[in-house]
>>> print(open('model-v3.cif').read())   # mmCIF, C-alpha atoms (C1' of nucleotides)
data_protein
loop_
_atom_site.label_atom_id
_atom_site.label_comp_id
_atom_site.auth_asym_id
_atom_site.auth_seq_id
_atom_site.Cartn_x
_atom_site.Cartn_y
_atom_site.Cartn_z
CA MET A 85 100.39 150.38 190.35
CA SER A 86 96.61 149.97 190.32
CA GLU A 87 94.72 149.69 187.05
CA PRO A 88 92.03 152.22 186.18
CA PRO A 89 88.55 150.78 186.74
CA LEU A 90 87.08 148.85 183.83
CA ARG A 91 84.23 150.20 181.81
CA ALA A 92 80.85 148.66 182.59
CA ASP A 93 80.64 146.60 179.40
CA ALA A 94 84.21 145.46 179.77
CA ARG A 95 83.55 144.20 183.26
CA ARG A 96 80.45 142.36 182.08
CA ASN A 97 82.30 140.75 179.21
CA ARG A 98 85.17 139.70 181.40
CA THR A 99 82.76 137.83 183.64
CA ARG A 100 81.01 136.20 180.72
CA ILE A 101 84.31 135.10 179.21
CA LEU A 102 85.45 133.51 182.43
CA ALA A 103 82.17 131.66 182.81
CA ALA A 104 82.27 130.52 179.22
CA ALA A 105 85.86 129.37 179.55
CA VAL A 106 85.01 127.25 182.55
CA GLU A 107 82.10 125.67 180.72
CA VAL A 108 84.00 125.01 177.51
CA PHE A 109 87.24 123.80 179.08
CA ASP A 110 85.35 121.64 181.57
CA ARG A 111 83.47 119.96 178.78
CA HIS A 112 86.08 119.69 176.03
CA GLY A 113 89.37 120.00 177.86
CA THR A 114 91.89 122.80 177.74
CA SER A 115 92.62 122.09 174.09
CA ALA A 116 89.30 123.63 173.10
CA SER A 117 89.78 126.71 170.94
CA THR A 118 89.60 130.27 172.09
CA GLU A 119 87.01 130.86 169.36
CA GLU A 120 84.78 128.30 171.04
CA VAL A 121 85.07 130.18 174.30
CA ALA A 122 84.28 133.47 172.56
CA ARG A 123 81.23 131.98 170.87
CA CYS A 124 79.99 130.56 174.16
CA ALA A 125 80.46 133.95 175.80
CA GLY A 126 78.63 135.74 172.98
CA VAL A 127 81.68 137.84 172.23
CA ALA A 128 84.25 138.22 169.44
CA VAL A 129 87.66 136.56 169.65
CA GLY A 130 89.41 139.87 169.85
CA THR A 131 87.53 140.65 173.03
CA VAL A 132 88.77 137.51 174.68
CA PHE A 133 92.35 138.40 173.75
CA ARG A 134 91.91 141.94 175.00
CA HIS A 135 91.07 140.65 178.45
CA PHE A 136 93.49 137.74 178.39
CA PRO A 137 96.43 138.37 176.04
CA THR A 138 97.18 134.69 175.90
CA LYS A 139 95.22 131.49 176.16
CA ALA A 140 97.55 130.60 179.01
CA ASP A 141 96.47 133.76 180.83
CA LEU A 142 92.84 132.79 180.45
CA LEU A 143 93.58 129.34 181.81
CA ALA A 144 95.57 130.76 184.69
CA ALA A 145 92.62 132.93 185.72
CA ILE A 146 90.31 129.93 185.73
CA MET A 147 92.79 127.79 187.59
CA LYS A 148 93.09 130.38 190.32
CA ASP A 149 89.32 130.29 190.85
CA LEU A 150 89.17 126.52 190.84
CA GLN A 151 92.05 126.33 193.27
CA ASP A 152 90.29 128.70 195.63
CA ARG A 153 87.02 126.79 195.43
CA LEU A 154 88.73 123.48 196.17
CA ALA A 155 90.72 125.02 199.01
CA THR A 156 87.54 126.41 200.53
CA ARG A 157 85.88 123.02 200.33
CA ALA A 158 88.87 121.38 201.98
CA GLU A 159 88.87 123.95 204.74
CA THR A 160 85.16 123.45 205.32
CA LEU A 161 85.69 119.71 205.65
CA ALA A 162 88.60 120.28 207.99
CA ALA A 163 86.50 122.61 210.15
CA GLU A 164 83.81 119.97 210.51
CA GLY A 165 86.31 117.80 212.33
CA ASP A 166 85.47 114.48 210.71
CA PRO A 167 88.68 112.38 210.78
CA THR A 168 87.79 110.77 207.45
CA ALA A 169 87.53 114.18 205.79
CA LEU A 170 90.68 113.60 203.75
CA LEU A 171 89.22 110.51 202.17
CA THR A 172 85.93 112.27 201.56
CA PHE A 173 87.70 115.16 199.88
CA PHE A 174 89.72 112.78 197.77
CA ALA A 175 86.63 111.00 196.48
CA GLU A 176 84.82 114.26 195.89
CA VAL A 177 87.60 115.69 193.77
CA VAL A 178 87.70 112.60 191.57
CA GLU A 179 83.94 112.74 191.06
CA HIS A 180 84.21 116.43 190.29
CA ALA A 181 87.02 115.86 187.80
CA VAL A 182 84.92 113.43 185.80
CA GLY A 183 82.61 116.22 184.73
CA ALA A 184 85.16 119.00 184.78
CA ARG A 185 88.36 118.50 182.82
CA THR A 186 89.82 121.72 184.23
CA VAL A 187 90.42 119.90 187.48
CA VAL A 188 92.78 117.55 185.72
CA HIS A 189 94.59 120.48 184.19
CA LEU A 190 94.99 122.07 187.59
CA LEU A 191 96.48 118.90 189.01
CA ALA A 192 98.79 118.34 186.05
CA VAL A 193 100.00 121.90 186.27
CA GLY A 194 100.91 121.53 189.90
CA GLY A 195 98.08 123.58 191.33
CA MET A 196 98.43 121.77 194.61
CA ASP A 197 102.08 122.42 195.17
CA VAL A 198 102.63 123.69 198.64
CA GLY A 199 105.82 125.44 197.68
CA VAL A 200 105.08 128.71 195.98
CA ASP A 201 101.76 129.66 197.52
CA ARG A 202 101.35 133.37 197.39
CA GLN A 203 97.64 133.01 198.04
CA VAL A 204 96.72 133.02 201.70
CA ALA A 205 94.45 130.00 201.50
CA GLY A 206 96.58 127.58 199.54
CA LEU A 207 94.96 124.40 198.40
CA GLY A 208 98.05 122.43 199.29
CA LYS A 209 98.02 123.89 202.78
CA ALA A 210 94.37 122.97 203.25
CA LEU A 211 95.07 119.43 202.08
CA ASP A 212 97.94 119.23 204.52
CA THR A 213 95.64 120.19 207.36
CA LEU A 214 93.29 117.42 206.33
CA LEU A 215 96.18 114.98 206.22
CA VAL A 216 97.51 115.94 209.63
CA ARG A 217 94.06 115.53 211.15
CA ALA A 218 93.63 112.13 209.55
CA ARG A 219 97.03 111.02 210.77
CA GLU A 220 96.30 112.14 214.30
CA ALA A 221 92.97 110.32 214.23
CA GLY A 222 94.62 107.21 212.83
CA THR A 223 92.51 107.33 209.69
CA VAL A 224 95.55 107.06 207.47
CA ARG A 225 98.96 105.50 207.97
CA ALA A 226 101.35 107.60 209.96
CA ASP A 227 103.98 107.62 207.25
CA VAL A 228 101.82 108.94 204.41
CA LYS A 229 103.29 112.14 203.02
CA LEU A 230 101.41 115.02 201.47
CA ASP A 231 103.08 114.68 198.11
CA GLU A 232 101.95 111.05 197.93
CA VAL A 233 98.36 112.04 198.54
CA ILE A 234 98.57 114.67 195.83
CA ALA A 235 100.21 112.20 193.48
CA LEU A 236 97.51 109.61 194.06
CA LEU A 237 94.80 112.19 193.57
CA THR A 238 96.41 113.34 190.35
CA ALA A 239 96.72 109.78 189.13
CA ALA A 240 93.11 109.00 189.96
CA CYS A 241 91.76 112.03 188.13
CA HIS A 242 93.93 111.47 185.09
CA GLY A 243 93.07 107.81 184.92
CA ALA A 244 89.37 108.36 185.39
CA LEU A 245 89.23 110.82 182.54
CA ALA A 246 91.76 109.36 180.12
CA ALA A 247 90.43 105.85 180.35
CA GLY A 248 86.82 106.87 180.81
CA TRP A 249 86.11 104.65 183.77
CA ALA A 250 82.46 103.76 184.22
CA PRO A 251 81.01 104.95 187.56
CA ASP A 252 81.13 101.50 189.09
CA LEU A 253 84.78 100.92 188.16
CA ARG A 254 85.62 104.43 189.24
CA HIS A 255 84.21 103.91 192.71
CA ARG A 256 85.94 100.60 193.18
CA THR A 257 89.25 102.01 191.97
CA VAL A 258 89.10 105.03 194.24
CA ALA A 259 88.29 102.67 197.08
CA ARG A 260 91.48 100.73 196.32
CA LEU A 261 93.48 103.92 196.26
CA LEU A 262 92.13 104.94 199.62
CA ASP A 263 92.88 101.47 200.96
CA GLY A 264 96.49 102.20 200.20
CA LEU A 265 96.36 105.20 202.51
CA ARG A 266 94.47 103.61 205.36
CA LEU A 267 95.98 101.51 208.06
CA MET B 268 93.55 87.98 150.22
CA SER B 269 97.29 88.05 150.75
CA GLU B 270 99.34 91.05 149.72
CA PRO B 271 102.13 90.64 147.17
CA PRO B 272 105.54 90.62 148.87
CA LEU B 273 107.15 94.01 149.44
CA ARG B 274 110.15 95.12 147.48
CA ALA B 275 113.44 94.96 149.38
CA ASP B 276 113.79 98.73 149.86
CA ALA B 277 110.18 99.02 150.88
CA ARG B 278 110.58 96.37 153.55
CA ARG B 279 113.69 98.10 154.85
CA ASN B 280 111.97 101.47 155.00
CA ARG B 281 108.95 100.05 156.75
CA THR B 282 111.19 98.73 159.49
CA ARG B 283 113.04 102.01 159.81
CA ILE B 284 109.80 103.95 160.01
CA LEU B 285 108.43 101.74 162.76
CA ALA B 286 111.64 102.07 164.76
CA ALA B 287 111.68 105.83 164.27
CA ALA B 288 108.04 106.11 165.27
CA VAL B 289 108.68 104.27 168.51
CA GLU B 290 111.62 106.50 169.29
CA VAL B 291 109.85 109.75 168.47
CA PHE B 292 106.52 108.94 170.07
CA ASP B 293 108.20 107.55 173.15
CA ARG B 294 110.15 110.74 173.60
CA HIS B 295 107.68 113.41 172.55
CA GLY B 296 104.32 111.71 172.88
CA THR B 297 101.89 110.72 170.19
CA SER B 298 101.30 114.35 169.25
CA ALA B 299 104.73 114.49 167.61
CA SER B 300 104.45 115.17 163.90
CA THR B 301 104.71 112.60 161.14
CA GLU B 302 107.44 114.74 159.59
CA GLU B 303 109.51 114.24 162.71
CA VAL B 304 109.13 110.50 162.36
CA ALA B 305 110.11 110.65 158.70
CA ARG B 306 113.19 112.72 159.49
CA CYS B 307 114.21 110.31 162.22
CA ALA B 308 113.77 107.40 159.82
CA GLY B 309 115.80 109.14 157.10
CA VAL B 310 112.86 109.03 154.73
CA ALA B 311 110.44 111.49 153.10
CA VAL B 312 106.99 112.11 154.52
CA GLY B 313 105.34 110.59 151.50
CA THR B 314 107.05 107.30 152.23
CA VAL B 315 105.64 107.19 155.71
CA PHE B 316 102.15 107.78 154.35
CA ARG B 317 102.63 105.15 151.66
CA HIS B 318 103.24 102.52 154.34
CA PHE B 319 100.74 103.88 156.83
CA PRO B 320 97.94 105.82 155.11
CA THR B 321 97.08 107.54 158.35
CA LYS B 322 98.94 108.60 161.45
CA ALA B 323 96.44 106.48 163.35
CA ASP B 324 97.50 103.45 161.32
CA LEU B 325 101.12 104.07 162.22
CA LEU B 326 100.20 104.34 165.87
CA ALA B 327 98.12 101.20 165.71
CA ALA B 328 101.06 99.25 164.31
CA ILE B 329 103.28 100.43 167.14
CA MET B 330 100.66 99.73 169.76
CA LYS B 331 100.30 96.20 168.54
CA ASP B 332 104.03 95.63 168.99
CA LEU B 333 104.10 97.20 172.42
CA GLN B 334 101.12 95.17 173.49
CA ASP B 335 102.83 91.98 172.40
CA ARG B 336 106.05 92.86 174.15
CA LEU B 337 104.24 93.63 177.41
CA ALA B 338 102.18 90.48 177.12
CA THR B 339 105.32 88.43 176.61
CA ARG B 340 106.91 89.98 179.66
CA ALA B 341 103.80 89.25 181.72
CA GLU B 342 103.76 85.65 180.55
CA THR B 343 107.42 85.26 181.38
CA LEU B 344 106.81 86.52 184.88
CA ALA B 345 103.83 84.23 185.24
CA ALA B 346 105.89 81.26 184.11
CA GLU B 347 108.50 81.96 186.74
CA GLY B 348 105.89 81.29 189.38
CA ASP B 349 106.71 84.15 191.74
CA PRO B 350 103.46 85.01 193.57
CA THR B 351 104.44 88.69 193.69
CA ALA B 352 104.84 88.78 189.91
CA LEU B 353 101.75 90.94 189.47
CA LEU B 354 103.20 93.63 191.68
CA THR B 355 106.54 93.36 189.94
CA PHE B 356 104.92 93.73 186.56
CA PHE B 357 102.92 96.70 187.78
CA ALA B 358 106.01 98.52 188.97
CA GLU B 359 107.93 97.65 185.83
CA VAL B 360 105.27 99.05 183.54
CA VAL B 361 105.19 102.33 185.44
CA GLU B 362 108.96 102.65 185.25
CA HIS B 363 108.83 101.83 181.56
CA ALA B 364 106.10 104.38 180.93
CA VAL B 365 108.21 107.16 182.39
CA GLY B 366 110.63 106.90 179.50
CA ALA B 367 108.14 105.77 176.89
CA ARG B 368 105.03 107.83 176.37
CA THR B 369 103.61 105.25 173.99
CA VAL B 370 102.81 103.07 176.98
CA VAL B 371 100.48 105.73 178.27
CA HIS B 372 98.83 105.93 174.89
CA LEU B 373 98.32 102.18 174.86
CA LEU B 374 96.69 102.28 178.26
CA ALA B 375 94.50 105.26 177.43
CA VAL B 376 93.38 103.60 174.24
CA GLY B 377 92.28 100.49 176.09
CA GLY B 378 95.07 98.24 174.94
CA MET B 379 94.56 96.05 177.95
CA ASP B 380 90.89 95.36 177.44
CA VAL B 381 90.29 91.67 177.74
CA GLY B 382 87.17 91.87 175.64
CA VAL B 383 88.02 91.97 171.97
CA ASP B 384 91.33 90.18 171.88
CA ARG B 385 91.83 88.69 168.46
CA GLN B 386 95.50 88.20 169.18
CA VAL B 387 96.29 84.84 170.74
CA ALA B 388 98.51 86.23 173.45
CA GLY B 389 96.36 89.06 174.78
CA LEU B 390 97.95 91.40 177.27
CA GLY B 391 94.78 91.46 179.29
CA LYS B 392 94.72 87.70 179.43
CA ALA B 393 98.33 87.58 180.60
CA LEU B 394 97.59 90.12 183.30
CA ASP B 395 94.61 88.09 184.39
CA THR B 396 96.82 85.03 184.79
CA LEU B 397 99.15 87.07 186.95
CA LEU B 398 96.20 88.25 189.02
CA VAL B 399 94.77 84.78 189.54
CA ARG B 400 98.15 83.49 190.65
CA ALA B 401 98.54 86.36 193.08
CA ARG B 402 95.07 85.82 194.49
CA GLU B 403 95.70 82.11 194.99
CA ALA B 404 98.97 82.84 196.71
CA GLY B 405 97.33 85.45 198.89
CA THR B 406 99.58 88.19 197.55
CA VAL B 407 96.62 90.42 196.78
CA ARG B 408 93.16 90.70 198.30
CA ALA B 409 90.75 88.06 197.12
CA ASP B 410 88.22 90.60 195.88
CA VAL B 411 90.51 92.57 193.59
CA LYS B 412 89.16 92.52 190.03
CA LEU B 413 91.18 92.68 186.84
CA ASP B 414 89.61 95.93 185.69
CA GLU B 415 90.67 97.56 188.95
CA VAL B 416 94.27 96.50 188.43
CA ILE B 417 94.22 97.87 184.91
CA ALA B 418 92.61 101.07 186.13
CA LEU B 419 95.23 101.57 188.82
CA LEU B 420 98.02 100.88 186.36
CA THR B 421 96.55 103.36 183.91
CA ALA B 422 96.21 105.94 186.63
CA ALA B 423 99.77 105.45 187.83
CA CYS B 424 101.26 105.81 184.35
CA HIS B 425 99.19 108.86 183.52
CA GLY B 426 99.95 110.50 186.80
CA ALA B 427 103.65 109.77 186.65
CA LEU B 428 103.97 111.33 183.24
CA ALA B 429 101.49 114.18 183.44
CA ALA B 430 102.71 115.39 186.79
CA GLY B 431 106.34 114.48 186.20
CA TRP B 432 106.88 112.72 189.49
CA ALA B 433 110.48 112.58 190.62
CA PRO B 434 111.85 109.03 190.99
CA ASP B 435 111.57 109.10 194.75
CA LEU B 436 107.95 110.25 194.76
CA ARG B 437 107.16 107.82 191.97
CA HIS B 438 108.43 104.87 193.94
CA ARG B 439 106.59 105.85 197.08
CA THR B 440 103.37 106.44 195.17
CA VAL B 441 103.51 103.11 193.38
CA ALA B 442 104.14 101.47 196.73
CA ARG B 443 100.96 103.07 198.07
CA LEU B 444 99.03 101.86 195.06
CA LEU B 445 100.26 98.32 195.58
CA ASP B 446 99.38 98.58 199.27
CA GLY B 447 95.80 99.04 198.14
CA LEU B 448 95.94 95.71 196.39
CA ARG B 449 97.71 93.75 199.07
CA LEU B 450 96.08 92.16 202.05
"C1'" DT C 236 120.30 94.38 130.09
"C1'" DG C 237 115.96 96.62 129.31
"C1'" DA C 238 111.52 97.89 130.63
"C1'" DC C 239 107.92 97.98 133.67
"C1'" DA C 240 105.88 98.04 138.06
"C1'" DA C 241 106.67 99.35 142.61
"C1'" DC C 242 108.43 102.72 145.35
"C1'" DA C 243 110.42 107.33 147.03
"C1'" DT C 244 110.39 112.20 146.90
"C1'" DG C 245 109.08 116.81 148.73
"C1'" DA C 246 106.73 120.89 147.39
"C1'" DG C 247 101.97 121.77 147.71
"C1'" DT C 248 97.00 121.80 149.72
"C1'" DG C 249 93.59 122.43 153.13
"C1'" DG C 250 92.24 123.06 157.64
"C1'" DC C 251 92.77 124.61 162.24
"C1'" DG C 252 93.96 127.47 166.00
"C1'" DA C 253 96.46 131.32 168.38
"C1'" DC C 254 96.89 135.92 167.96
"C1'" DT C 255 96.65 140.96 165.52
"C1'" DC C 256 94.90 145.26 163.96
"C1'" DA C 257 92.28 148.73 161.38
"C1'" DT C 258 87.74 150.13 161.99
"C1'" DA C 259 83.32 150.61 164.30
"C1'" DA C 260 80.60 150.97 168.45
"C1'" DT C 261 80.06 152.27 173.59
"C1'" DT C 262 80.80 154.38 177.66
"C1'" DT C 263 81.83 158.17 180.37
"C1'" DG C 264 82.77 162.66 182.32
"C1'" DA C 265 82.22 167.34 181.59
"C1'" DT D 213 74.73 166.31 174.62
"C1'" DC D 214 79.22 165.47 172.81
"C1'" DA D 215 83.96 164.62 172.15
"C1'" DA D 216 87.75 161.60 173.84
"C1'" DA D 217 89.01 157.45 175.63
"C1'" DT D 218 87.98 152.87 176.10
"C1'" DT D 219 86.36 148.69 174.29
"C1'" DA D 220 84.36 145.44 170.69
"C1'" DT D 221 84.58 143.47 166.21
"C1'" DG D 222 86.02 139.86 162.92
"C1'" DA D 223 88.52 139.29 158.76
"C1'" DG D 224 93.25 138.44 158.20
"C1'" DT D 225 98.14 136.66 159.33
"C1'" DC D 226 101.16 133.12 160.67
"C1'" DG D 227 102.68 128.69 161.84
"C1'" DC D 228 101.81 123.87 162.34
"C1'" DC D 229 100.35 119.55 160.77
"C1'" DA D 230 98.01 115.65 158.32
"C1'" DC D 231 97.78 114.23 153.95
"C1'" DT D 232 98.32 114.36 148.37
"C1'" DC D 233 100.30 113.90 143.87
"C1'" DA D 234 103.17 114.77 139.80
"C1'" DT D 235 107.67 113.50 138.99
"C1'" DG D 236 111.90 111.03 139.54
"C1'" DT D 237 114.20 106.67 141.21
"C1'" DT D 238 115.02 101.81 142.00
"C1'" DG D 239 114.22 96.90 142.41
"C1'" DT D 240 112.81 92.90 139.84
"C1'" DC D 241 112.21 89.58 136.33
"C1'" DA D 242 112.23 88.01 131.74
#
>>> encode(input="model-v3.cif", output="structure tokens")
Amino acid sequence: MSEPPLRADARRNRTRILAAAVEVFDRHGTSASTEEVARCAGVAVGTVFRHFPTKADLLAAIMKDLQDRLATRAETLAAEGDPTALLTFFAEVVEHAVGARTVVHLLAVGGMDVGVDRQVAGLGKALDTLLVRAREAGTVRADVKLDEVIALLTAACHGALAAGWAPDLRHRTVARLLDGLRL
Amino acid sequence: MSEPPLRADARRNRTRILAAAVEVFDRHGTSASTEEVARCAGVAVGTVFRHFPTKADLLAAIMKDLQDRLATRAETLAAEGDPTALLTFFAEVVEHAVGARTVVHLLAVGGMDVGVDRQVAGLGKALDTLLVRAREAGTVRADVKLDEVIALLTAACHGALAAGWAPDLRHRTVARLLDGLRL
DNA sequence: TGACAACATGAGTGGCGACTCATAATTTGA
DNA sequence: TCAAATTATGAGTCGCCACTCATGTTGTCA
């Protein structure tokens, strides 16, 4: 069941490709070409396709990483015990998404779904923890559901990127969104 | 300066093409091919390009129509004098966008910008009227700006489509968004 | 009605992007 | 050090799409 270990150069290239993919897709969106990723990684196209048979596979690998990083951040915030952590996280993700289009892709693709989480530290689960804490502390309305929070976050990130909100407008808009969650 | 009148068949085809474009782009998004539009209009590709030299031109024509229709609807609501008209309009547009991807394109392209409105009945202007009425009636917070309303609307439409919210989630999410505007 | 201008047609062009594969270069284990 | 296995290379294939143009068709007006 386990794959034979990769050759040294193969392992190095795999890492470079992943890093390049993050950079390229963050900057130009997931519609950027695989050639662009290869160029950025200093590698030939064929090499990219050897490691990731499909562009979708490459994206999936990146999404997994991003998901984990966001989940970790959410867990850290939850551990700190601040009852406004949910709102903080929300704002942070939007700010992050502005410079990193992959975030939007993750959200659109349902990367926060709580349903099929085979990873131990699911992002959706972490968000839920944040939500429960906020509810208990009275930071958000008692009837706010997790899927609504995710939906609002998705909407905010999409809007911010698609419409290219200026920083000022972005901050005011996110504030309005959070107002809708608060008591 | 004025163009010579179109021949009868040309006028007929132009109408068909516009109708087909709305149908196709509403269903499949603006990335649908021009061939698809031609097929739907019962016309050859060349004919489409004769009337609209560029796909962008075709889109622009459609956007203009959509903009006018939305503006008219907003004005109608404003004329009726209901102080919650802004919220009604907001919800209506989101519902409309779910079945008509062109709406999202209009929003993403800045079709609601109040700035450069050479058309008499600007959509942005109509929305602003709605907003002023709502503010006066106390239906929304006094400090809500027009650009925030547009931003939230854009976000809602993008989110609803990109993430494919189910009707139930969609309604709850829009309600949350409107909560952020209300007192 | 005839003849010309306006219009329609659809196969063709060029460009792009995902993906392949024969060949060349590296790594590795003995 | 040296073969055998693994990996890298990049020109090439395939499909899609915006857009063109030589040719055929149709509306219009005298």
>>> interface_residues(input="model-v3.cif", of="chain C", to="chain B", cutoff="9 Å", atoms="only C-alpha atoms (C1' of nucleotides)", output="ChimeraX atom specification")
/C:241-245
>>> residues_around(input="model-v3.cif", residues="C:DT255", least_positions_apart="5", cutoff="10 Å", atoms="only C-alpha atoms (C1' of nucleotides)", output="list of chain:residue names")
A:Gly130, A:Phe133, D:DG224, D:DT225
>>> resolve_selection(input="model-v3.cif", expression="the PyMOL selection byres ((chain D) within 10 of (chain B))", output="tab-separated table (two decimals) with C-alpha atoms (C1' of nucleotides), in the coordinates of the input")
chain	number	residue	atom	x	y	z
D	228	DC	C1'	101.81	123.87	162.34
D	229	DC	C1'	100.35	119.55	160.77
D	230	DA	C1'	98.01	115.65	158.32
D	231	DC	C1'	97.78	114.23	153.95
D	232	DT	C1'	98.32	114.36	148.37
D	233	DC	C1'	100.30	113.90	143.87
D	238	DT	C1'	115.02	101.81	142.00
D	239	DG	C1'	114.22	96.90	142.41
D	240	DT	C1'	112.81	92.90	139.84
>>> closest_atom_pairs(input="model-v3.cif", of="chain A", to="chain B", cutoff="6 Å", atoms="all atoms listed in the file", output="tab-separated table")
residue	atom	partner	partner_atom	distance
A:Ala192	CA	B:Ala430	CA	5.0
A:Glu232	CA	B:Thr440	CA	5.6
A:Thr238	CA	B:Gly426	CA	5.8
A:Ala239	CA	B:Gly426	CA	4.0
A:Ala240	CA	B:Ala422	CA	5.5
A:Gly243	CA	B:Ala422	CA	4.0
A:Ala246	CA	B:Ala375	CA	5.6
A:Ala247	CA	B:Ala375	CA	5.0
A:Thr257	CA	B:Glu415	CA	5.6
A:Arg260	CA	B:Gly447	CA	5.0
A:Leu261	CA	B:Gly447	CA	5.7
A:Asp263	CA	B:Gly447	CA	4.7
A:Gly264	CA	B:Gly447	CA	3.8
>>> write_last_selection(input="model-v3.cif", atoms="C-alpha atoms", output="short mmCIF file (atom, residue, chain, number, x, y, z; two decimals), keeping the file's coordinate frame")
data_model
loop_
_atom_site.label_atom_id
_atom_site.label_comp_id
_atom_site.auth_asym_id
_atom_site.auth_seq_id
_atom_site.Cartn_x
_atom_site.Cartn_y
_atom_site.Cartn_z
CA ALA A 192 98.79 118.34 186.05
CA GLU A 232 101.95 111.05 197.93
CA THR A 238 96.41 113.34 190.35
CA ALA A 239 96.72 109.78 189.13
CA ALA A 240 93.11 109.00 189.96
CA GLY A 243 93.07 107.81 184.92
CA ALA A 246 91.76 109.36 180.12
CA ALA A 247 90.43 105.85 180.35
CA THR A 257 89.25 102.01 191.97
CA ARG A 260 91.48 100.73 196.32
CA LEU A 261 93.48 103.92 196.26
CA ASP A 263 92.88 101.47 200.96
CA GLY A 264 96.49 102.20 200.20
#
>>> atom_distance(input="model-v3.cif", atom1="atom CA of A:Asp227", atom2="atom CA of A:Leu170")
15.0 Å
>>> atom_distance(input="model-v3.cif", atom1="atom CA of A:Leu171", atom2="atom CA of B:Arg408")
20.6 Å
>>> atom_distance(input="model-v3.cif", atom1="atom C1' of C:DA257", atom2="atom C1' of D:DG222")
11.0 Å
>>> decode(input="model-v3.cif", residues="stretch 228-239 of chain D", atoms="N, CA and C atoms (P, O5', C5', C4', C3', O3' and C1' of nucleotides)", output="short mmCIF file (atom, residue, chain, number, x, y, z; two decimals), in the first residue's frame")
data_model
loop_
_atom_site.label_atom_id
_atom_site.label_comp_id
_atom_site.auth_asym_id
_atom_site.auth_seq_id
_atom_site.Cartn_x
_atom_site.Cartn_y
_atom_site.Cartn_z
P DC D 228 -13.90 19.90 -27.28
"O5'" DC D 228 -13.88 21.40 -26.75
"C5'" DC D 228 -13.08 21.74 -25.62
"C4'" DC D 228 -12.80 23.21 -25.66
"C3'" DC D 228 -13.93 24.01 -26.31
"O3'" DC D 228 -14.32 25.05 -25.44
"C1'" DC D 228 -11.84 24.60 -27.27
P DC D 229 -15.68 25.81 -25.70
"O5'" DC D 229 -15.19 27.25 -26.14
"C5'" DC D 229 -14.13 27.90 -25.42
"C4'" DC D 229 -13.57 29.01 -26.25
"C3'" DC D 229 -14.64 29.78 -27.04
"O3'" DC D 229 -14.50 31.15 -26.80
"C1'" DC D 229 -12.84 29.17 -28.45
P DA D 230 -15.74 32.13 -27.04
"O5'" DA D 230 -15.02 33.41 -27.69
"C5'" DA D 230 -13.90 33.96 -27.06
"C4'" DA D 230 -13.01 34.62 -28.08
"C3'" DA D 230 -13.71 35.67 -28.95
"O3'" DA D 230 -12.84 36.78 -29.11
"C1'" DA D 230 -12.76 33.98 -30.34
P DC D 231 -13.44 38.14 -29.67
"O5'" DC D 231 -13.16 37.93 -31.23
"C5'" DC D 231 -11.80 37.78 -31.67
"C4'" DC D 231 -11.77 37.33 -33.10
"C3'" DC D 231 -12.63 38.13 -34.11
"O3'" DC D 231 -11.75 38.75 -35.05
"C1'" DC D 231 -12.72 35.82 -34.55
P DT D 232 -12.29 39.57 -36.31
"O5'" DT D 232 -11.98 38.61 -37.55
"C5'" DT D 232 -10.68 38.04 -37.67
"C4'" DT D 232 -10.57 37.32 -39.02
"C3'" DT D 232 -11.07 38.14 -40.23
"O3'" DT D 232 -10.17 37.90 -41.31
"C1'" DT D 232 -12.25 36.10 -40.13
P DC D 233 -10.04 38.94 -42.52
"O5'" DC D 233 -10.47 38.09 -43.78
"C5'" DC D 233 -10.25 36.67 -43.80
"C4'" DC D 233 -11.10 36.02 -44.89
"C3'" DC D 233 -11.64 37.00 -45.95
"O3'" DC D 233 -11.71 36.31 -47.19
"C1'" DC D 233 -13.44 35.95 -44.91
P DA D 234 -11.07 36.96 -48.54
"O5'" DA D 234 -11.53 35.93 -49.67
"C5'" DA D 234 -11.21 34.55 -49.52
"C4'" DA D 234 -12.39 33.66 -49.89
"C3'" DA D 234 -13.07 34.00 -51.23
"O3'" DA D 234 -13.41 32.79 -51.88
"C1'" DA D 234 -14.67 34.17 -49.48
P DT D 235 -14.07 32.82 -53.36
"O5'" DT D 235 -15.59 32.47 -53.05
"C5'" DT D 235 -15.89 31.34 -52.25
"C4'" DT D 235 -17.34 31.35 -51.88
"C3'" DT D 235 -18.30 31.62 -53.05
"O3'" DT D 235 -19.17 30.51 -53.19
"C1'" DT D 235 -18.91 32.84 -51.12
P DG D 236 -20.27 30.55 -54.38
"O5'" DG D 236 -21.63 30.69 -53.57
"C5'" DG D 236 -21.88 29.82 -52.47
"C4'" DG D 236 -23.09 30.31 -51.69
"C3'" DG D 236 -24.36 30.53 -52.52
"O3'" DG D 236 -25.48 30.01 -51.79
"C1'" DG D 236 -23.84 32.50 -51.35
P DT D 237 -26.94 30.07 -52.46
"O5'" DT D 237 -27.67 31.21 -51.60
"C5'" DT D 237 -27.64 31.16 -50.18
"C4'" DT D 237 -28.36 32.37 -49.61
"C3'" DT D 237 -29.72 32.68 -50.22
"O3'" DT D 237 -30.66 32.73 -49.16
"C1'" DT D 237 -28.40 34.64 -50.09
P DT D 238 -32.23 32.93 -49.53
"O5'" DT D 238 -32.44 34.46 -49.14
"C5'" DT D 238 -31.95 34.94 -47.89
"C4'" DT D 238 -32.19 36.42 -47.79
"C3'" DT D 238 -33.57 36.87 -48.28
"O3'" DT D 238 -34.05 37.83 -47.38
"C1'" DT D 238 -31.91 38.11 -49.38
P DG D 239 -35.62 38.16 -47.24
"O5'" DG D 239 -35.61 39.74 -47.17
"C5'" DG D 239 -34.89 40.37 -46.13
"C4'" DG D 239 -34.44 41.74 -46.57
"C3'" DG D 239 -35.58 42.71 -46.90
"O3'" DG D 239 -35.29 43.96 -46.30
"C1'" DG D 239 -34.09 42.56 -48.74
#
